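Chemist: Data file start-v1.cif (mmCIF, C-alpha atoms) is appended below.
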data_structure
loop_
_atom_site.label_atom_id
_atom_site.label_comp_id
_atom_site.auth_asym_id
_atom_site.auth_seq_id
_atom_site.Cartn_x
_atom_site.Cartn_y
_atom_site.Cartn_z
CA MET A 264 25.00 19.04 -4.92
CA LYS A 265 21.23 18.86 -4.58
CA ARG A 266 19.71 16.01 -2.61
CA VAL A 267 16.35 14.47 -3.42
CA VAL A 268 15.10 11.66 -1.21
CA SER A 269 12.08 9.45 -1.76
CA VAL A 270 10.58 8.04 1.42
CA SER A 271 8.53 5.05 0.39
CA LEU A 272 6.05 2.85 2.24
CA GLY A 273 7.34 0.06 0.02
CA THR A 274 9.96 -2.56 0.71
CA SER A 275 13.50 -1.55 1.66
CA ARG A 276 14.77 -4.22 -0.74
CA ARG A 277 14.31 -1.69 -3.54
CA ASP A 278 16.43 1.03 -1.90
CA HIS A 279 18.80 2.77 -4.26
CA LYS A 280 21.02 5.81 -4.58
CA VAL A 281 22.44 7.43 -7.73
CA ILE A 282 24.38 10.58 -8.61
CA VAL A 283 23.33 12.22 -11.85
CA GLU A 284 23.87 15.51 -13.60
CA LEU A 285 20.81 17.29 -14.90
CA LEU A 286 20.97 20.66 -16.64
CA GLY A 287 24.47 21.17 -15.26
CA GLU A 288 23.44 20.46 -11.68
CA GLN A 289 24.67 17.48 -9.66
CA PHE A 290 21.93 15.47 -7.95
CA GLU A 291 22.09 12.76 -5.35
CA ILE A 292 18.83 10.86 -5.71
CA SER A 293 17.94 8.17 -3.22
CA ARG A 294 15.00 6.03 -2.25
CA ILE A 295 14.41 4.71 1.27
CA GLY A 296 11.78 2.02 1.79
CA MET A 297 9.96 1.84 5.13
CA ASP A 298 8.62 -1.72 4.70
CA GLY A 299 5.04 -0.59 5.17
CA ASP A 300 5.76 0.98 8.58
CA PHE A 301 3.74 4.19 8.51
CA ASP A 302 5.07 5.59 11.81
CA ARG A 303 8.67 4.98 10.78
CA ALA A 304 7.94 6.80 7.51
CA LEU A 305 6.62 9.80 9.46
CA ALA A 306 9.73 9.82 11.65
CA LYS A 307 12.03 9.65 8.61
CA LEU A 308 10.17 12.51 6.93
CA ARG A 309 10.55 14.67 10.04
CA GLU A 310 14.25 13.79 10.19
CA LEU A 311 14.82 14.75 6.54
CA ASP A 312 12.76 17.93 6.67
CA GLY A 313 15.03 20.90 6.14
CA GLN A 314 18.04 18.66 5.40
CA VAL A 315 17.41 17.94 1.69
CA ASP A 316 16.28 19.88 -1.39
CA ALA A 317 13.12 17.91 -2.10
CA ILE A 318 11.28 14.91 -0.70
CA GLY A 319 9.19 12.46 -2.69
CA LEU A 320 6.51 10.29 -1.12
CA GLY A 321 6.65 6.79 -2.54
CA GLY A 322 4.43 3.75 -2.20
CA ILE A 323 1.50 6.01 -1.50
CA ASP A 324 -0.65 8.50 -3.35
CA VAL A 325 -1.59 11.74 -1.72
CA TYR A 326 -3.79 12.91 -4.55
CA VAL A 327 -5.80 10.95 -7.08
CA TYR A 328 -8.01 12.41 -9.79
CA ALA A 329 -11.15 11.63 -11.71
CA GLY A 330 -12.33 14.28 -14.15
CA ASN A 331 -11.77 17.68 -12.64
CA LYS A 332 -12.11 16.39 -9.09
CA ARG A 333 -9.15 15.73 -6.82
CA TYR A 334 -9.32 13.37 -3.87
CA ALA A 335 -6.73 13.21 -1.09
CA PHE A 336 -5.82 10.13 0.93
CA ASP A 337 -5.76 10.85 4.67
CA ASP A 338 -2.61 8.75 5.10
CA GLY A 339 -0.92 10.61 2.24
CA LEU A 340 -1.83 13.98 3.73
CA LYS A 341 -0.43 12.89 7.11
CA MET A 342 2.88 12.10 5.43
CA MET A 343 2.89 15.35 3.49
CA GLU A 344 2.05 17.38 6.60
CA ALA A 345 4.95 15.79 8.51
CA VAL A 346 7.26 17.86 6.30
CA LYS A 347 7.21 21.54 7.19
CA THR A 348 10.14 23.11 5.32
CA THR A 349 11.38 21.03 2.40
CA PRO A 350 9.23 20.84 -0.75
CA VAL A 351 7.40 17.50 -0.72
CA VAL A 352 5.70 15.84 -3.69
CA ASP A 353 3.83 12.61 -4.40
CA GLY A 354 4.44 12.44 -8.15
CA SER A 355 0.89 13.37 -9.12
CA GLY A 356 2.03 16.57 -10.85
CA LEU A 357 4.40 14.62 -13.03
CA LYS A 358 1.87 11.91 -13.73
CA ASN A 359 -0.40 14.57 -15.12
CA THR A 360 2.31 15.89 -17.45
CA LEU A 361 5.07 13.40 -18.24
CA GLU A 362 2.81 10.34 -18.41
CA ARG A 363 0.26 12.12 -20.58
CA GLU A 364 3.14 13.09 -22.88
CA THR A 365 4.39 9.48 -22.89
CA VAL A 366 1.18 8.28 -24.53
CA LYS A 367 1.32 11.13 -27.05
CA TYR A 368 4.96 10.31 -27.83
CA LEU A 369 4.22 6.61 -28.37
CA LEU A 370 1.26 7.49 -30.57
CA LYS A 371 3.29 9.87 -32.71
CA GLU A 372 6.72 8.28 -32.80
CA THR A 373 6.00 4.53 -32.66
CA ASP A 374 3.43 2.00 -33.83
CA LEU A 375 2.82 0.70 -30.29
CA ILE A 376 -0.41 2.63 -29.83
CA LYS A 377 -3.13 2.89 -32.45
CA LYS A 378 -6.81 3.66 -32.55
CA GLY A 379 -8.59 0.65 -31.04
CA THR A 380 -5.55 -0.74 -29.19
CA ARG A 381 -6.80 -2.71 -26.21
CA VAL A 382 -5.36 -1.11 -23.08
CA LEU A 383 -5.71 -2.26 -19.49
CA MET A 384 -4.92 0.48 -17.01
CA VAL A 385 -4.61 -1.37 -13.71
CA SER A 386 -5.56 1.83 -11.95
CA ALA A 387 -6.54 5.10 -13.58
CA VAL A 388 -7.34 7.49 -10.74
CA ASP A 389 -3.66 7.59 -9.81
CA ARG A 390 -2.71 8.26 -13.44
CA PHE A 391 -5.61 10.24 -14.76
CA GLY A 392 -3.45 12.12 -17.26
CA MET A 393 -2.38 8.87 -18.87
CA ALA A 394 -5.98 7.61 -18.81
CA GLU A 395 -7.19 10.72 -20.63
CA ALA A 396 -4.37 10.44 -23.17
CA PHE A 397 -5.35 6.84 -23.99
CA VAL A 398 -8.98 7.92 -24.41
CA GLU A 399 -7.90 10.80 -26.67
CA ALA A 400 -5.93 8.24 -28.72
CA GLU A 401 -9.23 6.33 -29.14
CA CYS A 402 -7.88 3.18 -27.52
CA ASP A 403 -10.24 0.46 -26.32
CA ILE A 404 -9.52 0.97 -22.67
CA THR A 405 -10.37 -0.95 -19.52
CA PHE A 406 -9.87 0.84 -16.23
CA GLY A 407 -9.06 -1.76 -13.59
CA ASP A 408 -9.48 0.43 -10.51
CA LEU A 409 -12.25 -1.66 -8.98
CA ILE A 410 -10.67 -4.94 -10.06
CA PHE A 411 -7.23 -4.45 -8.58
CA ALA A 412 -7.78 -2.00 -5.71
CA ALA A 413 -11.08 -3.41 -4.41
CA GLY A 414 -11.10 -6.95 -5.84
CA ILE A 415 -14.36 -6.32 -7.72
CA PRO A 416 -14.37 -7.94 -11.18
CA TYR A 417 -15.99 -4.99 -12.88
CA PRO A 418 -14.11 -3.41 -15.79
CA ILE A 419 -14.84 0.29 -16.15
CA LYS A 420 -14.91 1.23 -19.81
CA THR A 421 -15.35 5.00 -19.91
CA LEU A 422 -13.94 8.02 -18.13
CA GLU A 423 -17.48 9.11 -17.36
CA GLU A 424 -18.22 5.90 -15.48
CA LEU A 425 -14.86 6.14 -13.71
CA GLU A 426 -15.72 9.67 -12.58
CA GLU A 427 -19.22 8.63 -11.48
CA ILE A 428 -17.95 5.75 -9.35
CA ALA A 429 -15.03 7.79 -8.02
CA GLN A 430 -17.40 10.52 -6.90
CA LYS A 431 -19.43 8.01 -4.90
CA ILE A 432 -16.65 6.10 -3.25
CA LEU A 433 -13.43 8.11 -3.13
CA PRO A 434 -14.45 10.82 -0.66
CA GLU A 435 -14.82 8.04 1.93
CA MET A 436 -12.43 5.36 0.69
CA THR A 437 -9.55 7.83 0.89
CA LYS A 438 -10.07 7.87 4.67
CA LEU A 439 -9.21 4.16 4.94
CA PRO A 440 -5.66 3.09 5.75
CA PHE A 441 -3.82 3.18 2.42
CA HIS A 442 -2.57 -0.40 2.78
CA MET A 443 -6.17 -1.63 2.49
CA LEU A 444 -6.29 -0.41 -1.11
CA TYR A 445 -2.72 -0.70 -2.34
CA PRO A 446 0.13 -3.19 -1.81
CA THR A 447 2.66 -1.72 0.61
CA GLY A 448 5.68 -3.24 2.39
CA LYS A 449 6.12 -6.99 1.94
CA LYS A 450 2.99 -7.22 -0.21
CA GLN A 451 5.10 -5.58 -2.93
CA GLU A 452 7.35 -8.63 -2.98
CA ALA A 453 4.63 -11.25 -3.23
CA ARG A 454 2.10 -12.08 -5.88
CA ASP A 455 -1.55 -12.50 -4.91
CA ASP A 456 -2.04 -15.90 -6.54
CA GLU A 457 -5.79 -16.13 -5.98
CA LYS A 458 -6.53 -12.78 -7.59
CA THR A 459 -3.90 -13.33 -10.28
CA LYS A 460 -5.80 -16.41 -11.39
CA LYS A 461 -9.16 -14.72 -11.06
CA PHE A 462 -8.20 -11.59 -12.97
CA ALA A 463 -5.72 -13.04 -15.51
CA LYS A 464 -8.18 -12.61 -18.37
CA TYR A 465 -7.98 -8.83 -18.10
CA TYR A 466 -4.22 -8.99 -18.67
CA GLN A 467 -4.53 -11.59 -21.41
CA GLU A 468 -7.21 -9.68 -23.34
CA ALA A 469 -5.14 -6.48 -23.38
CA GLU A 470 -2.43 -5.48 -25.85
CA ILE A 471 -1.03 -2.84 -23.50
CA ILE A 472 -0.97 -3.05 -19.70
CA ALA A 473 -0.32 0.34 -18.16
CA GLY A 474 -0.07 1.92 -14.76
CA ASP A 475 1.40 1.37 -11.35
CA PHE A 476 4.12 -1.27 -11.43
CA HIS A 477 3.32 -2.76 -8.02
CA PHE A 478 -0.27 -3.38 -9.07
CA ILE A 479 0.91 -4.80 -12.41
CA LYS A 480 3.43 -7.12 -10.76
CA ARG A 481 1.15 -8.28 -7.94
CA TYR A 482 -1.44 -9.68 -10.36
CA LEU A 483 0.80 -10.59 -13.31
CA PRO A 484 -0.11 -13.98 -14.81
CA ASP A 485 2.65 -16.47 -15.60
CA GLU A 486 2.07 -16.32 -19.33
CA LEU A 487 1.18 -13.43 -21.55
CA ASP A 488 1.16 -13.19 -25.31
CA GLY A 489 3.33 -10.32 -26.48
CA GLN A 490 1.74 -7.59 -24.36
CA ILE A 491 3.48 -4.26 -23.82
CA ILE A 492 3.82 -2.82 -20.32
CA ILE A 493 3.90 0.94 -19.76
CA THR A 494 5.00 1.79 -16.25
CA ASN A 495 7.89 3.05 -14.12
CA THR A 496 9.62 2.32 -10.82
CA THR A 497 11.27 -0.74 -12.34
CA THR A 498 14.63 -2.09 -11.22
CA ALA A 499 17.04 -4.25 -13.22
CA ASP A 500 15.72 -7.23 -11.19
CA ASP A 501 12.17 -6.36 -12.22
CA ILE A 502 13.17 -6.38 -15.89
CA GLU A 503 14.75 -9.83 -15.40
CA TYR A 504 11.59 -11.03 -13.63
CA LEU A 505 9.43 -9.86 -16.50
CA LYS A 506 11.51 -11.72 -19.09
CA GLY A 507 9.97 -15.09 -19.80
CA LYS A 508 6.46 -13.91 -18.95
CA GLY A 509 5.57 -13.42 -22.61
CA ILE A 510 5.81 -9.64 -22.44
CA SER A 511 7.21 -8.13 -25.63
CA LYS A 512 8.27 -4.67 -24.43
CA ILE A 513 8.41 -2.47 -21.39
CA VAL A 514 8.05 1.25 -21.77
CA THR A 515 9.23 3.24 -18.77
CA THR A 516 7.79 6.71 -18.45
CA THR A 517 10.49 8.08 -16.16
CA PRO A 518 14.18 8.29 -17.10
CA VAL A 519 16.46 5.36 -16.28
CA PHE A 520 19.44 6.02 -14.00
CA GLU A 521 21.84 3.11 -13.44
CA GLY A 522 19.37 0.54 -14.80
CA ARG A 523 16.47 1.78 -12.80
CA SER A 524 13.47 3.96 -13.62
CA PHE A 525 12.62 5.86 -10.46
CA GLY A 526 9.07 6.61 -9.39
CA THR A 527 7.31 9.76 -10.50
CA ASN A 528 7.58 11.14 -6.95
CA VAL A 529 11.38 11.06 -7.19
CA ILE A 530 11.53 12.70 -10.60
CA GLU A 531 8.98 15.30 -9.56
CA GLY A 532 11.21 15.98 -6.55
CA VAL A 533 14.10 16.61 -8.96
CA LEU A 534 11.99 19.02 -11.02
CA VAL A 535 10.90 20.90 -7.90
CA ALA A 536 14.54 21.15 -6.76
CA LEU A 537 15.55 22.44 -10.21
CA LEU A 538 12.76 25.00 -10.27
CA GLY A 539 13.49 26.07 -6.69
CA LYS A 540 9.82 26.71 -6.01
CA ARG A 541 7.17 25.33 -3.74
CA TRP A 542 5.21 22.51 -5.35
CA GLU A 543 1.92 24.41 -4.99
CA ASP A 544 3.37 27.33 -6.97
CA ILE A 545 4.49 25.30 -10.00
CA SER A 546 2.24 25.27 -13.05
CA THR A 547 1.75 22.44 -15.55
CA GLU A 548 3.40 24.65 -18.18
CA GLU A 549 6.52 25.02 -16.04
CA TYR A 550 6.76 21.26 -15.66
CA LEU A 551 6.29 20.75 -19.40
CA ASP A 552 8.88 23.42 -20.21
CA LEU A 553 11.40 21.83 -17.86
CA LEU A 554 10.66 18.33 -19.16
CA GLY A 555 11.36 19.69 -22.66
CA LYS A 556 14.74 21.04 -21.55
CA LEU A 557 15.60 17.77 -19.82
CA GLN A 558 14.60 15.87 -22.98
CA PHE A 559 13.13 13.02 -20.98
CA LYS A 560 11.74 10.45 -23.37
CA PRO A 561 10.09 7.12 -22.68
CA ARG A 562 12.52 4.21 -22.76
CA ILE A 563 11.44 1.16 -24.71
CA ILE A 564 13.00 -2.11 -23.58
CA GLU A 565 12.64 -5.12 -25.87
CA LEU A 566 12.05 -8.32 -23.91
CA MET A 567 11.49 -10.69 -26.82
CA SER A 568 13.94 -10.92 -29.66
CA MET B 181 -30.58 3.73 21.16
CA ALA B 182 -32.30 2.06 18.21
CA THR B 183 -34.59 -0.94 18.56
CA HIS B 184 -34.27 -4.28 16.82
CA HIS B 185 -37.22 -3.26 14.66
CA GLU B 186 -35.47 -0.06 13.60
CA ILE B 187 -32.36 -1.99 12.63
CA THR B 188 -34.56 -4.37 10.64
CA GLU B 189 -36.15 -1.43 8.83
CA SER B 190 -32.73 0.12 8.11
CA LEU B 191 -31.56 -3.17 6.63
CA LYS B 192 -34.69 -3.26 4.44
CA ALA B 193 -33.77 0.22 3.19
CA PHE B 194 -30.23 -1.02 2.50
CA GLN B 195 -31.64 -4.03 0.64
CA GLU B 196 -33.92 -1.80 -1.42
CA GLY B 197 -31.01 0.51 -2.26
CA TYR B 198 -28.97 -2.49 -3.33
CA ASN B 199 -31.78 -3.95 -5.44
CA ASN B 200 -32.32 -0.64 -7.20
CA ASN B 201 -28.69 -0.55 -8.29
CA LYS B 202 -28.33 -2.96 -11.23
CA LYS B 203 -24.63 -2.20 -11.55
CA LEU B 204 -24.04 -3.28 -7.97
CA LYS B 205 -25.65 -6.65 -8.63
CA ILE B 206 -23.30 -7.19 -11.57
CA MET B 207 -20.30 -6.09 -9.51
CA ASN B 208 -21.08 -8.55 -6.73
CA ARG B 209 -21.90 -11.63 -8.77
CA ASP B 210 -18.68 -13.24 -7.56
CA TRP B 211 -19.05 -12.24 -3.90
CA ASN B 212 -21.04 -14.89 -2.07
CA ARG B 213 -20.93 -14.00 1.59
CA ILE B 214 -22.82 -14.43 4.86
CA ILE B 215 -22.63 -11.24 6.92
CA LEU B 216 -23.79 -11.14 10.53
CA ILE B 217 -24.97 -7.77 11.84
CA GLU B 218 -24.90 -7.67 15.62
CA ALA B 219 -25.83 -4.86 18.01
CA THR B 220 -23.89 -4.45 21.24
CA ASP B 221 -26.51 -2.64 23.31
CA VAL B 222 -29.77 -4.37 22.34
CA ASP B 223 -30.59 -7.97 21.57
CA SER B 224 -30.50 -7.73 17.79
CA LYS B 225 -28.93 -9.96 15.18
CA HIS B 226 -29.51 -10.03 11.44
CA THR B 227 -27.93 -11.99 8.63
CA ILE B 228 -27.25 -10.55 5.18
CA ILE B 229 -26.79 -13.19 2.52
CA LEU B 230 -25.17 -12.23 -0.77
CA GLN B 231 -25.46 -14.94 -3.39
CA ASP B 232 -24.78 -14.53 -7.13
CA GLY B 233 -25.27 -10.77 -6.86
CA GLU B 234 -28.62 -11.05 -5.06
CA ILE B 235 -29.12 -9.90 -1.48
CA SER B 236 -31.42 -11.31 1.18
CA ILE B 237 -31.77 -10.39 4.83
CA THR B 238 -33.06 -12.52 7.69
CA GLU B 239 -33.48 -11.85 11.38
CA GLY B 240 -31.17 -13.79 13.70
CA ILE B 241 -28.22 -15.98 12.79
CA SER B 242 -28.97 -18.36 9.96
CA LYS B 243 -25.52 -19.59 8.85
CA THR B 244 -21.88 -19.31 9.87
CA PRO B 245 -20.82 -15.80 8.83
CA ASN B 246 -17.79 -14.83 6.73
CA LEU B 247 -17.96 -11.30 8.06
CA VAL B 248 -19.27 -9.99 11.39
CA VAL B 249 -20.35 -6.37 11.74
CA THR B 250 -20.71 -5.22 15.35
CA SER B 251 -21.69 -1.81 16.70
CA ASP B 252 -24.21 -0.07 18.91
CA SER B 253 -27.78 -0.12 17.64
CA GLU B 254 -27.85 3.58 16.76
CA THR B 255 -24.74 3.34 14.58
CA LEU B 256 -26.05 0.23 12.83
CA ALA B 257 -29.40 1.84 12.04
CA ASP B 258 -27.74 5.07 10.87
CA LEU B 259 -25.31 3.09 8.76
CA PHE B 260 -27.88 0.99 6.95
CA TYR B 261 -30.21 3.95 6.45
CA GLY B 262 -27.27 5.74 4.80
CA ASP B 263 -27.25 8.57 7.37
CA ILE B 264 -23.59 7.87 8.04
CA THR B 265 -20.87 6.15 6.05
CA PRO B 266 -19.07 3.12 7.50
CA THR B 267 -15.60 4.63 7.18
CA GLU B 268 -15.63 7.01 10.12
CA PRO B 269 -17.13 4.64 12.74
CA TYR B 270 -14.83 1.91 11.43
CA MET B 271 -11.78 4.16 11.77
CA ASN B 272 -12.71 5.35 15.27
CA GLY B 273 -13.53 1.85 16.48
CA THR B 274 -17.28 2.34 16.99
CA LEU B 275 -17.93 -0.11 14.18
CA VAL B 276 -16.03 -3.37 14.40
CA LEU B 277 -15.70 -5.54 11.31
CA LYS B 278 -14.32 -9.03 11.70
CA GLY B 279 -13.33 -10.68 8.45
CA SER B 280 -10.77 -10.41 5.71
CA GLU B 281 -9.51 -6.97 4.73
CA ASP B 282 -10.79 -7.54 1.19
CA ASP B 283 -14.29 -8.27 2.51
CA ILE B 284 -14.24 -5.15 4.68
CA VAL B 285 -13.31 -3.00 1.67
CA ARG B 286 -16.02 -4.69 -0.37
CA LEU B 287 -18.75 -4.03 2.21
CA ASP B 288 -17.62 -0.43 2.51
CA PHE B 289 -17.76 -0.17 -1.28
CA ILE B 290 -21.31 -1.57 -1.47
CA SER B 291 -22.50 0.86 1.16
CA LEU B 292 -20.92 3.82 -0.65
CA MET B 293 -22.34 2.74 -4.00
CA ILE B 294 -25.82 2.71 -2.44
CA TRP B 295 -25.61 5.82 -0.34
CA GLY B 296 -22.61 7.75 -1.72
CA GLU B 297 -23.15 11.24 -3.11
#
Have the structure of the file written as structure tokens, please.
Modeler:
Amino acid sequence: MKRVVSVSLGTSRRDHKVIVELLGEQFEISRIGMDGDFDRALAKLRELDGQVDAIGLGGIDVYVYAGNKRYAFDDGLKMMEAVKTTPVVDGSGLKNTLERETVKYLLKETDLIKKGTRVLMVSAVDRFGMAEAFVEAECDITFGDLIFAAGIPYPIKTLEELEEIAQKILPEMTKLPFHMLYPTGKKQEARDDEKTKKFAKYYQEAEIIAGDFHFIKRYLPDELDGQIIITNTTTADDIEYLKGKGISKIVTTTPVFEGRSFGTNVIEGVLVALLGKRWEDISTEEYLDLLGKLQFKPRIIELMS
Amino acid sequence: MATHHEITESLKAFQEGYNNNKKLKIMNRDWNRIILIEATDVDSKHTIILQDGEISITEGISKTPNLVVTSDSETLADLFYGDITPTEPYMNGTLVLKGSEDDIVRLDFISLMIWGE
């Protein structure tokens, strides 16, 4: 049996373990939350190194993208460099393939996305593939990177502006402790009421809200009006929480195992274990080919009958 | 070591950079803050006031600050002239920012929007 473990800076309340069979191979997939404790995460990574088939880094991005530029978070690199033997991934490779394909699938196979659909991406630099796919679909898109990561009520409307701002700020901002820019640990369990109120209009004006689930949840207003959420890393409890918020559907980009859609880092870990190669040596085409064989499709969950 | 006058001049350069960036004024319309800039090695205090997206700078302490920026005079002058970014001195403890984490990120952001590549 292959073992894939996700070490997450997020809360341990979301820990989970499943056994699944993929392409004839048994997998034990688990997620271990470190409650925002960076040093404990490093220790756990060192402990797992060489003991499992792949490691995913959760609750943190190592790499984010804007245009053809890649930026690396210092904290993410520290976590990645703690692992010397086992392949280690942060999910960014899968975000660039699977999540891009998710938008294409929804465009082709459903009526959920159309030209002009108003989309709020709570953060785009961590899901640049999805952002590009929405732009290609000619959606009316708002990138909320400044709003939700930096608290600046400035909606970015084009990829060009996103790239321009990213180029100015990300080379330095990525040196800050990750928790200053993203909810980790207990912050994942609590809503930021002040910012939720302040930024509710961006959710309410959108037809689709897409991106990182912890960002989406942290600023989710009490009442929406039939919006669709496209995300992953949702548990059965999350789905229950979202019912009654006025959300019509949730689309999860990663496959659901035992009621839970794991993070992209976990699924990318599975792909790396299946391919038996180092992450750096895997091409986009290999990921796409494998995703085709696995027949992963977005899951659409109806929340309003 | 930089003088009080040099810090004043660096803050004027910062103010000019801010005023030349129309986008930055729009981005900060909601961020009304009093920021005290204090040197540790020379007698130098300045107050940055951000109100409705506009920036003004005065010498000394004029109001109770929301955010206090403390460092040696050289670092402060370098920082506000854009010769260095705030991230590294902040991370190594040379630059001390007292305030909410959100405000620290915001000030870092403003500085990078003015002086970033």
Chemist: Rounded to one decimal place, report the atom CA of A:Thr517-atom CA of A:Glu470 distance in Å.
Modeler: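 The value is 21.1 Å.
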Chemist: Residues within 9 Å of stretch 313-323 of chain A, please, as an NGL selection string. Count all atoms listed in the file; anything in the same chain fewer than 4 positions from it doesn't count.
Modeler: :A and (265-274 or 294-296 or 299 or 308-309 or 336 or 338-339 or 342-343 or 346-354 or 441-442 or 445-448 or 477 or 526-533 or 535-536 or 539)
Chemist: Within 6 Å of chain B, which residues belong to chain A? Use all atoms listed in the file and report them as an MDAnalysis selection string.
Modeler: chainID A and resid 417 431:432
Chemist: Rank nothing, just name the residue among B:Thr238, B:Ser251, B:Lys225, B:Arg213 nearest to B:Asn272, using only C-alpha atoms.
Modeler: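 Checking each candidate against B:Asn272, we get B:Ser251 as the closest.
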Chemist: Take the PyMOL selection byres ((chain A and resi 366-379) around 10), apply it to the structure above, and return the hits as a ChimeraX atom specification.
Modeler: /A:361-365,380-382,392-404,470-471,491,493,512,514,516,560-561,563
Chemist: Using atom CA of B:Gln231 and atom CA of A:Lys460 as the two end points, give the distance in Å to one decimal.
Modeler: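 Spanning atom CA of B:Gln231 to atom CA of A:Lys460 is a straight-line distance of 21.3 Å.
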Chemist: What gap, in Å, lies between atom CA of A:Thr405 and atom CA of A:Leu383?
Modeler: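 Spanning atom CA of A:Thr405 to atom CA of A:Leu383 is a straight-line distance of 4.8 Å.
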Chemist: Would you please work out which residue, of A:Gly287, A:Pro484, A:Gly330, A:Pro518, is nearest to A:Glu427 when using all atoms listed in the file?
Modeler: A:Gly330
Chemist: When the PyMOL selection byres ((chain A and resi 475) around 10) is applied to the structure above, which residues does it catch, written out as an MDAnalysis selection string?
Modeler: chainID A and resid 322 384:387 389:390 472:474 476:480 493:496 526
Chemist: Residues proximal to (2.1, -15.9, -4.2) were defined as those with any atom within 12 Å of that point in the file's coordinates, counting only C-alpha atoms. Which are they, as number ranges by chain?
Modeler: A: 449-460, 480-485
Chemist: Pull out every residue that the PyMOL selection byres ((chain B and resi 229) around 9) matches in the shown coordinates and put them as a list in words.
Modeler: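 This file, filtered by the PyMOL selection byres ((chain B and resi 229) around 9), leaves Asn212, Arg213, Ile214, Ile215, Leu216, Thr227, Ile228, Leu230, Gln231, Glu234, Ile235, Ser236, Ile237 and Thr238 of chain B.
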Chemist: Would you mind exporting C-alpha atoms of the selected residues as a compact mmCIF listing (two decimals), keeping the file's coordinate frame?
Modeler:
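For reference, part_29.txt as written:
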# COMPACT_ATOMS: atom_id res chain seq x y z
CA ASN B 212 -21.04 -14.89 -2.07
CA ARG B 213 -20.93 -14.00 1.59
CA ILE B 214 -22.82 -14.43 4.86
CA ILE B 215 -22.63 -11.24 6.92
CA LEU B 216 -23.79 -11.14 10.53
CA THR B 227 -27.93 -11.99 8.63
CA ILE B 228 -27.25 -10.55 5.18
CA LEU B 230 -25.17 -12.23 -0.77
CA GLN B 231 -25.46 -14.94 -3.39
CA GLU B 234 -28.62 -11.05 -5.06
CA ILE B 235 -29.12 -9.90 -1.48
CA SER B 236 -31.42 -11.31 1.18
CA ILE B 237 -31.77 -10.39 4.83
CA THR B 238 -33.06 -12.52 7.69
Chemist: May I have the protein, DNA and RNA residues with any atom at most 8 Å from the point (18.1, 14.2, -18.3), counting all atoms listed in the file, written as a list in words?
Modeler: Glu284, Leu285, Leu286, Pro518, Leu557, Gln558 and Phe559 of chain A
